[in-house]
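Asker: One structure follows; several queries about it will come next.
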Amino acid sequence: MLSLHDKVVAITGASSGIGEATARLLAQRDAAVVLAARRGERIDAIAQDIRHEGGRAVACVVDVTKPEDLQRLVSTTIDQYGRIDVLVNNAGIAPLSRLADLDTDGWSAMIDVHLRGMLNGVAAALPVFRKQGSGHLVTIASTAGMVAAPAMAVYGATKNAVRAVHEGLRKESTDGVVRTTAISPGYVITDLADSMTDPHMKNEIRTHMNAIGIPPAAIARAVAFAIEQPHDVEIGEINVRPTIQG
Ligand SMILES: NC(=O)c1ccc[n+]([C@@H]2O[C@H](COP(=O)([O-])OP(=O)(O)OC[C@H]3O[C@@H](n4cnc5c(N)ncnc54)[C@H](OP(=O)(O)O)[C@@H]3O)[C@@H](O)[C@H]2O)c1
């Protein structure tokens, strides 16, 4: 039987949606989890809930745009559980807009959270993975990174960039120490629309999400599948969409 028993997993963006569902599922399956996000009270409450159900979980306040926060996440994980087997880069935002709207702040924010945030995770975890002799980087990208769609150009570009970094890291890691997995969800019912500034866009995406979206647990199961494989098996990319998504 494949197992998550004794895996130590740090998860960014664990205060809601896919990150929260991933923390809960991995803990149920016997992994020790460190939940990271900016909203400390939310990750504290989720970690406490996991512990009440018999799981192992702690919270760590992290803003992924700050390199030192990712360093602290990795060191907290090691202090708590002795090592870090997996870093799940999941934190994300989606201030979607058409390019003509020139929402340059929104463009920068997505670059900072998705691309720089992921690279901050790589910088913090990679030296530790190499020192340990093993480690696994999992990133939640998006199917929006594979096909262009109106209002999603910059969002998709950052997700595509993240997949490119993963593929580069995979090619540089053929000595067998580091595994990489990029998981690209389609529509998932989460709070992601809350980060949208344009009210029409927010309403449109929320309606679409609620109409066809799948639960965040569907993505959590894909994360678990990638992690539980034996170390000589690397799940490179997984796309998880609602069956009815075009
Ligand atoms: N929902 C979908 O349909 C969908 C589809 C494809 C891909 N995705 C991707 O899935 C990932 C998770 O999103 P979700 O759908 O679960 O949305 P969500 O419920 O809004 O969760 C986003 C998470 O990211 C965290 N976050 C945002 N900025 C952060 C920062 N600077 N530092 C640390 N944490 C930050 C938020 O926590 P705090 O606010 O507490 O920091 C929150 O926990 C994102 O990367 C998103 O792009 C989602």
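Convention: chains lettered A, B, ... in structure tokens order; per-chain residue numbering from 1; ligands numbered from 1 as shown.
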Residues within 6 Å of ligand 1 (only C-alpha atoms and all ligand atoms), as a PyMOL selection string?

Answerer: chain A and resi 12-19+37-39+62-65+90-93+113+140-142+185-192

Asker: Please produce a file of those selected residues containing C-alpha atoms, as a PDB file, in the first residue's frame.

Answerer:
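What follows is the written file out.pdb:
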ATOM      1  CA  THR A  12       1.152  27.677   1.540  1.00  0.00           C
ATOM      2  CA  GLY A  13      -2.275  29.238   1.080  1.00  0.00           C
ATOM      3  CA  ALA A  14      -3.684  26.796   3.637  1.00  0.00           C
ATOM      4  CA  SER A  15      -6.219  29.217   5.160  1.00  0.00           C
ATOM      5  CA  SER A  16      -8.958  28.306   2.653  1.00  0.00           C
ATOM      6  CA  GLY A  17      -9.902  26.415  -0.509  1.00  0.00           C
ATOM      7  CA  ILE A  18      -7.435  23.961  -2.035  1.00  0.00           C
ATOM      8  CA  GLY A  19      -4.712  24.541   0.579  1.00  0.00           C
ATOM      9  CA  ALA A  37      -0.951  31.811   5.033  1.00  0.00           C
ATOM     10  CA  ARG A  38      -1.265  35.480   6.009  1.00  0.00           C
ATOM     11  CA  ARG A  39      -4.500  35.090   8.031  1.00  0.00           C
ATOM     12  CA  VAL A  62       3.603  33.483   5.975  1.00  0.00           C
ATOM     13  CA  ASP A  63       3.417  36.021   3.170  1.00  0.00           C
ATOM     14  CA  VAL A  64       4.881  34.150   0.190  1.00  0.00           C
ATOM     15  CA  THR A  65       6.080  37.387  -1.411  1.00  0.00           C
ATOM     16  CA  ASN A  90      -0.451  26.727  -3.380  1.00  0.00           C
ATOM     17  CA  ALA A  91      -0.898  30.397  -2.381  1.00  0.00           C
ATOM     18  CA  GLY A  92      -2.629  32.303  -5.148  1.00  0.00           C
ATOM     19  CA  ILE A  93      -4.730  35.287  -6.103  1.00  0.00           C
ATOM     20  CA  VAL A 113       2.478  35.772  -5.358  1.00  0.00           C
ATOM     21  CA  ILE A 140      -0.727  24.362  -7.785  1.00  0.00           C
ATOM     22  CA  ALA A 141      -0.699  25.930 -11.255  1.00  0.00           C
ATOM     23  CA  SER A 142      -3.868  26.223 -13.394  1.00  0.00           C
ATOM     24  CA  PRO A 185      -6.865  22.623 -11.665  1.00  0.00           C
ATOM     25  CA  GLY A 186      -9.799  23.776 -13.752  1.00  0.00           C
ATOM     26  CA  TYR A 187     -12.747  25.400 -11.950  1.00  0.00           C
ATOM     27  CA  VAL A 188     -12.754  24.597  -8.220  1.00  0.00           C
ATOM     28  CA  ILE A 189     -15.266  26.070  -5.753  1.00  0.00           C
ATOM     29  CA  THR A 190     -13.137  28.207  -3.403  1.00  0.00           C
ATOM     30  CA  ASP A 191     -12.751  31.803  -2.179  1.00  0.00           C
ATOM     31  CA  LEU A 192     -10.459  32.698  -5.113  1.00  0.00           C
TER      32      LEU A 192
END

Asker: Sort by chain and increasing residue number a table of all residues of segment 17-133 of chain A within 8 Å of segment 221-240 of chain A, each with its closest pair of atoms and their distance in Å to one decimal, counting only C-alpha atoms, and write it as JSON lines.

Answerer:
{"residue": "A:Thr22", "atom": "CA", "partner": "A:Val223", "partner_atom": "CA", "distance": 7.2}
{"residue": "A:Leu25", "atom": "CA", "partner": "A:Arg221", "partner_atom": "CA", "distance": 7.5}
{"residue": "A:Leu26", "atom": "CA", "partner": "A:Ala224", "partner_atom": "CA", "distance": 6.6}
{"residue": "A:Val86", "atom": "CA", "partner": "A:Ile227", "partner_atom": "CA", "distance": 7.7}

Asker: Name the residues in contact with segment 42-57 of chain A at a cut-off of 6 Å, using only C-alpha atoms, excluding same-chain residues fewer than 6 positions from it; report them as a ChimeraX atom specification.

Answerer: /A:15,27,32-34

Asker: Tell me, in Å to one decimal, how far atom CA of Leu35 of chain A is from atom CA of Cys60 of chain A.

Answerer: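 Answer for the atom CA of Leu35 of chain A to atom CA of Cys60 of chain A separation: 6.1 Å.
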
Asker: Residues near Val88 of chain A, anyone? I mean within 8 Å using only C-alpha atoms, not counting same-chain ones fewer than 4 positions away, as a ChimeraX atom specification.

Answerer: /A:9-12,137-140

Asker: With distances taken over only C-alpha atoms, which of A:Thr180, A:Gln245, A:Asn89, A:Ser173 is nearest to Ala124 of chain A?

Answerer: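 The closest residue to Ala124 of chain A is A:Asn89.
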
Asker: With a cut-off of 6 Å, could you pull out the residues of segment 38-130 of chain A touching segment 151-170 of chain A and give me the nearest pair of atoms for each, distance in Å to one decimal, using only C-alpha atoms, ordered by chain and ascending number, as CSV?

Answerer:
residue,atom,partner,partner_atom,distance
A:Leu96,CA,A:Ala151,CA,5.5
A:Ser97,CA,A:Ala151,CA,4.4
A:Arg98,CA,A:Ala151,CA,4.1
A:Ile111,CA,A:Thr158,CA,5.9
A:Leu115,CA,A:Val162,CA,5.9

Asker: Apply DSSP to the backbone of this structure and, from segment 38-193 of chain A, keep only the residues in strand (DSSP E); write these as a PyMOL selection string.

Answerer: chain A and resi 56-61+86-89+135-140+178-185

Asker: Atoms to include: C-alpha atoms. Write the selected residues as a CSV table (one decimal), in the first residue's frame.

Answerer:
chain,number,residue,atom,x,y,z
A,56,ARG,CA,-0.6,16.5,13.5
A,57,ALA,CA,-0.7,20.1,12.4
A,58,VAL,CA,0.8,23.5,13.3
A,59,ALA,CA,0.3,27.0,11.8
A,60,CYS,CA,2.9,29.5,10.6
A,61,VAL,CA,2.0,33.0,9.4
A,86,VAL,CA,7.2,18.2,0.7
A,87,LEU,CA,6.6,21.9,0.1
A,88,VAL,CA,3.2,22.6,-1.5
A,89,ASN,CA,3.2,26.0,-3.2
A,135,GLY,CA,12.4,16.4,-1.1
A,136,HIS,CA,9.4,17.1,-3.2
A,137,LEU,CA,8.1,20.4,-4.6
A,138,VAL,CA,4.4,20.5,-5.5
A,139,THR,CA,2.9,23.6,-7.1
A,140,ILE,CA,-0.7,24.4,-7.8
A,178,VAL,CA,14.3,16.3,-5.7
A,179,ARG,CA,10.9,15.4,-7.2
A,180,THR,CA,8.6,18.0,-8.8
A,181,THR,CA,4.9,18.0,-9.5
A,182,ALA,CA,2.8,20.7,-11.0
A,183,ILE,CA,-1.0,20.3,-10.6
A,184,SER,CA,-3.3,22.3,-12.8
A,185,PRO,CA,-6.9,22.6,-11.7

Asker: Write out as a PyMOL selection string all residues of segment 83-243 of chain A that DSSP puts in alpha helix (DSSP H) for this structure's backbone.

Answerer: chain A and resi 104-110+117-132+153-171+199-212+217-228
